[in-house]
Each structure stands twice: as C-alpha cells, then as structure tokens.
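Trainee: Can you read through this structure? Questions will come right after.
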Amino acid sequence: MKIDVLTIFPEFFREVFDFGIIRRARLAEIVAINIHDLREFTTDKHRMTDDRPFGGGDGMVFKPEPIFNAVEKILGTCEREKYAPQTRVVLLTPQGKPLKQAGAKEFADEVENLVLICGRYEGVDERVTEALVTDEISIGDYVLSGGEPAAIVLVDAIVRLLPNALGSETSAENDSFSNGLLDYPHYTQPRDFRGMQVPEVLLGGNHAEIEKWRRAKALEKTQKVRQDLLIKENS
Ligand code: 6GU
C-alpha cells in the first residue's frame, strides 16, 4: 500500500512512523508513506493555504487550490471519476464517518493507494469534498485542532492489518473489536506481584477452561464499559 499524507505540518509526522509495527512494515516494503507539505503546492506569493470564509464567520478555511494541485501531482488527476482502481482520497474531519475496526479492515483489504488530507477544525473548501474526496473519516466524537493526529491513528489502524505486517508472534484476530468484544485481561511474570496474584485458571494449563475464562472476562469488561458494542452491530 502507498499512503500520501497532505498536511500544513509535515514536521508533525517526522518520527511517528519510525517505530514498531509501522517501521517494520515500511522496511519490509509492505507500505510506503510519503508526507507532503501543502504549502509546497501553493502558487501565490505568500504561499497561503487558507483564507477567510465567504459569508463571514470565525476561523479560516483551507483553500481548494493547493489540495487540488497536490492530489493531481500524486494521482495524476484531480477528478474522482478518473482515479485508478483501489484508490481512496480521505478527508480527516470531525464531520466524517466514525472510524471502526471494520472500516480499517476494509481499507487494508481493498486499497492500494491512499491519500490522506489533514483538515483543520474550521474547515476545508467544500469543492475539495465534492470533487476529490472519496471518504470523510472522523476518529471519534471530540474535537481535535487538526486532522494530523487522526491521520496517524488511521495509518496505524490500517497498516497493522496489512498482510504480514504483524509478526507471527502477534495476531490481529484476537484484538479488541475484531470479535465485537473488548480484549480479555492479560498477565505475565511474576505470579505474585506485591501480593497481587495471577488468576489460578491461567496457571493450570487447561486450555478449554482458559478460553472460557477469557471469553467471560471479555464479555464482563465489554458489558461494563462499552455496552453499546453488545447492543448494536458496529464492530
Ligand atoms: Cl478526523 N479531525 C479533527 N479536527 N477533529 C476530530 C477528528 C478529525 N476526529 C475526531 N475529532
């Protein structure tokens, strides 16, 4: 998968993709991630990426031109209808569709070329959404000052699901959400830590009993903190 990120803060991404699973996936050429400075795609003297909103109101709005120029350079076209297959242009915005594990999985399974536009809270010229964007995504019901942290979250959620991104010692199958439940509790050495004991069932080696216990704990946890996961079908 190739991922191109459009941002006014390229420095924000300087080291975040240099660690752990994402680093390994990049080195193994499972994914290539390119960060683009939107300012490089401006054509005016002051290299302005934003301007005041028509109709008045607070805040600044991203101008369409730098974003169109950037997408045209990256994809060879700025007409959504002419994108190559398996290409998606995502606008990160609090107005987007909430990101879920199933959505990340769909991207990992189907997308070859991913362009991420980091919006800003005040907004992006609507013509970007109309002509370029295939998906608008939000990472949750709270406000971030820009789409950059959301782009990092989205990249992480997708890359770890790409084939061979996780080592054989880890697996995405048992992750929270992949089965509609939160994960079960984990314990490691020592058995007795400051008087706190590892549950007896985990020490016995009875794998059927261990599975049963884990399932019960996952359900209990989900019941307690995320009842919505049990009620609606939105893994
Ligand atoms: Cl994608 N962007 C911003 N600015 N705020 C958010 C968000 C995105 N998702 C949740 N809040």
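Ligands are numbered from 1 in the order shown, chains are lettered A, B, ... in the order of the structure tokens, and residues start at 1 in each chain.
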Where does segment 9-117 of chain A meet segment 130-138 of chain A within 9 Å, residue by residue, with the nearest atom pair and distance in Å to one decimal for each, counting only C-alpha atoms, listed by chain and rising number, as JSON lines?
Mentor:
{"residue": "A:Ile67", "atom": "CA", "partner": "A:Leu132", "partner_atom": "CA", "distance": 9.0}
{"residue": "A:Phe68", "atom": "CA", "partner": "A:Leu132", "partner_atom": "CA", "distance": 7.6}
{"residue": "A:Val71", "atom": "CA", "partner": "A:Leu132", "partner_atom": "CA", "distance": 7.9}
{"residue": "A:Cys78", "atom": "CA", "partner": "A:Leu132", "partner_atom": "CA", "distance": 6.2}
{"residue": "A:Glu79", "atom": "CA", "partner": "A:Ala131", "partner_atom": "CA", "distance": 6.2}
{"residue": "A:Arg80", "atom": "CA", "partner": "A:Leu132", "partner_atom": "CA", "distance": 5.3}
{"residue": "A:Glu81", "atom": "CA", "partner": "A:Ala131", "partner_atom": "CA", "distance": 8.9}
{"residue": "A:Thr87", "atom": "CA", "partner": "A:Thr134", "partner_atom": "CA", "distance": 8.8}
{"residue": "A:Arg88", "atom": "CA", "partner": "A:Thr134", "partner_atom": "CA", "distance": 5.8}
{"residue": "A:Val89", "atom": "CA", "partner": "A:Val133", "partner_atom": "CA", "distance": 5.0}
{"residue": "A:Val90", "atom": "CA", "partner": "A:Asp135", "partner_atom": "CA", "distance": 4.8}
{"residue": "A:Leu91", "atom": "CA", "partner": "A:Glu136", "partner_atom": "CA", "distance": 4.8}
{"residue": "A:Leu92", "atom": "CA", "partner": "A:Ile137", "partner_atom": "CA", "distance": 5.1}
{"residue": "A:Thr93", "atom": "CA", "partner": "A:Ser138", "partner_atom": "CA", "distance": 5.3}
{"residue": "A:Pro94", "atom": "CA", "partner": "A:Ser138", "partner_atom": "CA", "distance": 4.9}
{"residue": "A:Gln95", "atom": "CA", "partner": "A:Ser138", "partner_atom": "CA", "distance": 6.5}
{"residue": "A:Gly96", "atom": "CA", "partner": "A:Ile137", "partner_atom": "CA", "distance": 4.0}
{"residue": "A:Lys97", "atom": "CA", "partner": "A:Ile137", "partner_atom": "CA", "distance": 4.7}
{"residue": "A:Pro98", "atom": "CA", "partner": "A:Ser138", "partner_atom": "CA", "distance": 4.8}
{"residue": "A:Leu99", "atom": "CA", "partner": "A:Ser138", "partner_atom": "CA", "distance": 6.0}
{"residue": "A:Ile117", "atom": "CA", "partner": "A:Val133", "partner_atom": "CA", "distance": 8.8}
Trainee: Take the residues from that selection and write them out as a CSV table (one decimal), in the first residue's frame, keeping N, CA and C atoms.
Mentor:
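The resulting file, result-v8.csv, is reproduced below:
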chain,number,residue,atom,x,y,z
A,67,ILE,N,-4.7,21.8,-2.4
A,67,ILE,CA,-5.1,20.4,-2.3
A,67,ILE,C,-5.4,19.8,-3.6
A,68,PHE,N,-6.0,20.5,-4.6
A,68,PHE,CA,-6.2,20.0,-5.9
A,68,PHE,C,-4.8,19.8,-6.6
A,71,VAL,N,-3.2,16.6,-5.1
A,71,VAL,CA,-3.8,15.4,-5.5
A,71,VAL,C,-3.5,15.1,-7.0
A,78,CYS,N,-7.2,15.2,-10.8
A,78,CYS,CA,-7.9,15.6,-9.7
A,78,CYS,C,-9.4,15.5,-10.0
A,79,GLU,N,-9.8,14.4,-10.7
A,79,GLU,CA,-11.2,14.1,-11.0
A,79,GLU,C,-11.4,12.7,-10.4
A,80,ARG,N,-12.3,12.7,-9.4
A,80,ARG,CA,-12.5,11.4,-8.7
A,80,ARG,C,-12.8,10.2,-9.6
A,81,GLU,N,-13.6,10.5,-10.7
A,81,GLU,CA,-14.0,9.5,-11.6
A,81,GLU,C,-12.8,8.9,-12.3
A,87,THR,N,-8.0,3.2,-5.3
A,87,THR,CA,-7.5,4.5,-4.8
A,87,THR,C,-8.6,5.2,-4.0
A,88,ARG,N,-8.2,5.7,-2.8
A,88,ARG,CA,-9.1,6.4,-2.0
A,88,ARG,C,-8.4,7.7,-1.5
A,89,VAL,N,-9.3,8.8,-1.5
A,89,VAL,CA,-8.8,10.1,-1.0
A,89,VAL,C,-9.7,10.4,0.2
A,90,VAL,N,-9.0,10.4,1.3
A,90,VAL,CA,-9.7,10.5,2.6
A,90,VAL,C,-9.5,11.9,3.2
A,91,LEU,N,-10.6,12.6,3.6
A,91,LEU,CA,-10.5,13.8,4.3
A,91,LEU,C,-10.7,13.5,5.8
A,92,LEU,N,-9.8,13.8,6.6
A,92,LEU,CA,-9.9,13.6,8.1
A,92,LEU,C,-10.7,14.8,8.6
A,93,THR,N,-11.8,14.6,9.2
A,93,THR,CA,-12.7,15.7,9.6
A,93,THR,C,-13.6,15.2,10.7
A,94,PRO,N,-13.9,16.1,11.7
A,94,PRO,CA,-14.9,15.7,12.7
A,94,PRO,C,-16.3,15.5,12.1
A,95,GLN,N,-16.5,15.9,10.9
A,95,GLN,CA,-17.8,15.7,10.2
A,95,GLN,C,-17.9,14.3,9.5
A,96,GLY,N,-16.8,13.6,9.6
A,96,GLY,CA,-16.7,12.3,8.8
A,96,GLY,C,-17.4,11.2,9.5
A,97,LYS,N,-17.4,10.0,8.8
A,97,LYS,CA,-17.9,8.8,9.3
A,97,LYS,C,-17.0,8.2,10.4
A,98,PRO,N,-17.5,7.8,11.5
A,98,PRO,CA,-16.7,7.4,12.6
A,98,PRO,C,-15.8,6.2,12.2
A,99,LEU,N,-14.6,6.2,12.5
A,99,LEU,CA,-13.7,5.1,12.2
A,99,LEU,C,-14.0,3.9,13.1
A,117,ILE,N,-6.0,13.7,3.5
A,117,ILE,CA,-5.9,15.1,3.7
A,117,ILE,C,-6.2,15.5,5.1
Trainee: For ligand 1, list the contacting residues at 6 Å or closer, counting only C-alpha atoms and all ligand atoms, as a PyMOL selection string.
Mentor: chain A and resi 92-94+120-121+137-147+150
Trainee: Can I get the selection written as a PDB file, in the first residue's frame, with C-alpha atoms?
Mentor:
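Writing done, so here's part.pdb:
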ATOM      1  CA  LEU A  92      -9.930  13.616   8.087  1.00  0.00           C
ATOM      2  CA  THR A  93     -12.670  15.721   9.634  1.00  0.00           C
ATOM      3  CA  PRO A  94     -14.911  15.677  12.710  1.00  0.00           C
ATOM      4  CA  ARG A 120      -8.413  21.710  10.127  1.00  0.00           C
ATOM      5  CA  TYR A 121     -11.176  22.149  12.610  1.00  0.00           C
ATOM      6  CA  ILE A 137     -13.470   9.984   8.307  1.00  0.00           C
ATOM      7  CA  SER A 138     -13.616  11.058  11.955  1.00  0.00           C
ATOM      8  CA  ILE A 139     -11.810   9.190  14.735  1.00  0.00           C
ATOM      9  CA  GLY A 140     -14.364   9.976  17.411  1.00  0.00           C
ATOM     10  CA  ASP A 141     -16.810  12.398  18.935  1.00  0.00           C
ATOM     11  CA  TYR A 142     -14.439  15.063  20.175  1.00  0.00           C
ATOM     12  CA  VAL A 143     -12.673  17.977  18.537  1.00  0.00           C
ATOM     13  CA  LEU A 144      -9.019  17.987  17.515  1.00  0.00           C
ATOM     14  CA  SER A 145      -7.363  21.164  16.261  1.00  0.00           C
ATOM     15  CA  GLY A 146      -6.345  19.428  13.053  1.00  0.00           C
ATOM     16  CA  GLY A 147      -6.599  16.124  11.214  1.00  0.00           C
ATOM     17  CA  ALA A 150      -6.363  11.425  13.266  1.00  0.00           C
TER      18      ALA A 150
END
Trainee: Please identify which residues in segment 174-213 of chain A DSSP calls strand (DSSP E) from the backbone, and express them as a ChimeraX atom specification.
Mentor: /A:192-193,196-197
Trainee: Please indicate the distance in Å from atom CA of Asn164 of chain A to atom CA of Asn113 of chain A, rounded to one decimal place.
Mentor: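 Interatomic distance here is 18.1 Å.
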Trainee: Do you know which residues are at most 9 Å from segment 19-33 of chain A counting only C-alpha atoms, after dropping those on the same chain fewer than 5 positions away, and could you put them as number ranges by chain?
Mentor: A: 1-5, 155-156, 159-160, 162-167
Trainee: For the selection you just gave me, I'd like the residues written to a file as an mmCIF file, in the first residue's frame, keeping all heavy atoms.
Mentor:
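selection_13.cif written:
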data_model
loop_
_atom_site.group_PDB
_atom_site.id
_atom_site.type_symbol
_atom_site.label_atom_id
_atom_site.label_comp_id
_atom_site.auth_asym_id
_atom_site.auth_seq_id
_atom_site.Cartn_x
_atom_site.Cartn_y
_atom_site.Cartn_z
ATOM 1 N N MET A 1 0.845 -1.199 0.000
ATOM 2 C CA MET A 1 0.000 0.000 0.000
ATOM 3 C C MET A 1 0.880 1.248 0.000
ATOM 4 O O MET A 1 1.923 1.269 0.635
ATOM 5 C CB MET A 1 -0.901 -0.002 1.252
ATOM 6 C CG MET A 1 -1.779 1.251 1.363
ATOM 7 S SD MET A 1 -2.774 1.299 2.884
ATOM 8 C CE MET A 1 -4.098 0.189 2.465
ATOM 9 N N LYS A 2 0.444 2.256 -0.760
ATOM 10 C CA LYS A 2 1.144 3.540 -0.741
ATOM 11 C C LYS A 2 0.224 4.559 -0.079
ATOM 12 O O LYS A 2 -0.953 4.645 -0.406
ATOM 13 C CB LYS A 2 1.458 3.953 -2.178
ATOM 14 C CG LYS A 2 2.148 5.295 -2.331
ATOM 15 C CD LYS A 2 2.631 5.427 -3.785
ATOM 16 C CE LYS A 2 2.918 6.855 -4.190
ATOM 17 N NZ LYS A 2 1.696 7.631 -4.477
ATOM 18 N N ILE A 3 0.777 5.291 0.887
ATOM 19 C CA ILE A 3 -0.001 6.303 1.609
ATOM 20 C C ILE A 3 0.662 7.659 1.427
ATOM 21 O O ILE A 3 1.868 7.803 1.660
ATOM 22 C CB ILE A 3 -0.110 5.962 3.117
ATOM 23 C CG1 ILE A 3 -0.741 4.581 3.317
ATOM 24 C CG2 ILE A 3 -0.915 7.039 3.850
ATOM 25 C CD1 ILE A 3 -0.808 4.132 4.780
ATOM 26 N N ASP A 4 -0.093 8.645 0.982
ATOM 27 C CA ASP A 4 0.399 10.017 0.837
ATOM 28 C C ASP A 4 -0.412 10.912 1.776
ATOM 29 O O ASP A 4 -1.632 10.928 1.706
ATOM 30 C CB ASP A 4 0.245 10.500 -0.609
ATOM 31 C CG ASP A 4 1.200 9.782 -1.545
ATOM 32 O OD1 ASP A 4 2.362 10.211 -1.653
ATOM 33 O OD2 ASP A 4 0.771 8.770 -2.154
ATOM 34 N N VAL A 5 0.295 11.632 2.637
ATOM 35 C CA VAL A 5 -0.373 12.489 3.616
ATOM 36 C C VAL A 5 -0.176 13.953 3.226
ATOM 37 O O VAL A 5 0.955 14.388 3.007
ATOM 38 C CB VAL A 5 0.199 12.251 5.039
ATOM 39 C CG1 VAL A 5 -0.517 13.133 6.057
ATOM 40 C CG2 VAL A 5 0.074 10.772 5.429
ATOM 41 N N VAL A 155 -3.612 5.588 9.938
ATOM 42 C CA VAL A 155 -2.490 4.848 9.340
ATOM 43 C C VAL A 155 -2.133 3.648 10.216
ATOM 44 O O VAL A 155 -1.962 2.528 9.719
ATOM 45 C CB VAL A 155 -1.254 5.765 9.140
ATOM 46 C CG1 VAL A 155 -0.003 4.942 8.835
ATOM 47 C CG2 VAL A 155 -1.511 6.778 8.025
ATOM 48 N N ASP A 156 -2.055 3.846 11.513
ATOM 49 C CA ASP A 156 -1.699 2.754 12.423
ATOM 50 C C ASP A 156 -2.742 1.639 12.353
ATOM 51 O O ASP A 156 -2.403 0.456 12.207
ATOM 52 C CB ASP A 156 -1.559 3.284 13.854
ATOM 53 C CG ASP A 156 -0.915 2.264 14.782
ATOM 54 O OD1 ASP A 156 -1.470 1.168 14.948
ATOM 55 O OD2 ASP A 156 0.149 2.570 15.343
ATOM 56 N N VAL A 159 -2.314 -0.091 8.785
ATOM 57 C CA VAL A 159 -1.048 -0.765 8.452
ATOM 58 C C VAL A 159 -0.904 -2.084 9.212
ATOM 59 O O VAL A 159 -0.438 -3.079 8.661
ATOM 60 C CB VAL A 159 0.165 0.169 8.688
ATOM 61 C CG1 VAL A 159 1.475 -0.606 8.627
ATOM 62 C CG2 VAL A 159 0.159 1.303 7.667
ATOM 63 N N ARG A 160 -1.325 -2.111 10.485
ATOM 64 C CA ARG A 160 -1.148 -3.346 11.243
ATOM 65 C C ARG A 160 -2.027 -4.488 10.727
ATOM 66 O O ARG A 160 -1.804 -5.652 11.068
ATOM 67 C CB ARG A 160 -1.388 -3.112 12.737
ATOM 68 C CG ARG A 160 -2.779 -2.649 13.083
ATOM 69 C CD ARG A 160 -2.819 -2.066 14.475
ATOM 70 N NE ARG A 160 -2.338 -3.032 15.459
ATOM 71 C CZ ARG A 160 -3.008 -4.112 15.818
ATOM 72 N NH1 ARG A 160 -4.192 -4.374 15.301
ATOM 73 N NH2 ARG A 160 -2.500 -4.943 16.696
ATOM 74 N N LEU A 162 -2.380 -4.983 7.358
ATOM 75 C CA LEU A 162 -1.874 -5.391 6.040
ATOM 76 C C LEU A 162 -1.214 -6.769 6.156
ATOM 77 O O LEU A 162 -0.631 -7.079 7.199
ATOM 78 C CB LEU A 162 -0.867 -4.361 5.511
ATOM 79 C CG LEU A 162 -1.451 -2.987 5.177
ATOM 80 C CD1 LEU A 162 -0.339 -2.006 4.807
ATOM 81 C CD2 LEU A 162 -2.479 -3.077 4.050
ATOM 82 N N PRO A 163 -1.315 -7.573 5.103
ATOM 83 C CA PRO A 163 -0.729 -8.915 5.170
ATOM 84 C C PRO A 163 0.739 -8.873 5.582
ATOM 85 O O PRO A 163 1.507 -8.075 5.047
ATOM 86 C CB PRO A 163 -0.877 -9.430 3.721
ATOM 87 C CG PRO A 163 -2.009 -8.645 3.141
ATOM 88 C CD PRO A 163 -1.976 -7.313 3.820
ATOM 89 N N ASN A 164 1.091 -9.700 6.558
ATOM 90 C CA ASN A 164 2.471 -9.846 7.051
ATOM 91 C C ASN A 164 3.016 -8.663 7.850
ATOM 92 O O ASN A 164 4.197 -8.625 8.161
ATOM 93 C CB ASN A 164 3.452 -10.167 5.912
ATOM 94 C CG ASN A 164 3.036 -11.400 5.145
ATOM 95 O OD1 ASN A 164 2.640 -12.398 5.738
ATOM 96 N ND2 ASN A 164 3.072 -11.319 3.833
ATOM 97 N N ALA A 165 2.172 -7.683 8.172
ATOM 98 C CA ALA A 165 2.655 -6.529 8.956
ATOM 99 C C ALA A 165 2.925 -6.932 10.398
ATOM 100 O O ALA A 165 3.875 -6.452 11.017
ATOM 101 C CB ALA A 165 1.655 -5.385 8.906
ATOM 102 N N LEU A 166 2.112 -7.816 10.943
ATOM 103 C CA LEU A 166 2.334 -8.299 12.302
ATOM 104 C C LEU A 166 3.206 -9.542 12.233
ATOM 105 O O LEU A 166 3.037 -10.383 11.366
ATOM 106 C CB LEU A 166 1.003 -8.653 12.984
ATOM 107 C CG LEU A 166 0.014 -7.501 13.194
ATOM 108 C CD1 LEU A 166 -1.194 -7.992 13.970
ATOM 109 C CD2 LEU A 166 0.673 -6.337 13.909
ATOM 110 N N GLY A 167 4.161 -9.632 13.162
ATOM 111 C CA GLY A 167 4.993 -10.827 13.215
ATOM 112 C C GLY A 167 4.165 -12.041 13.591
ATOM 113 O O GLY A 167 3.023 -11.907 14.026
#
Trainee: Could you tell me how far atom CA of Val198 of chain A lies from atom CA of Pro185 of chain A, in Å and to one decimal?
Mentor: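 It comes out at 10.5 Å.
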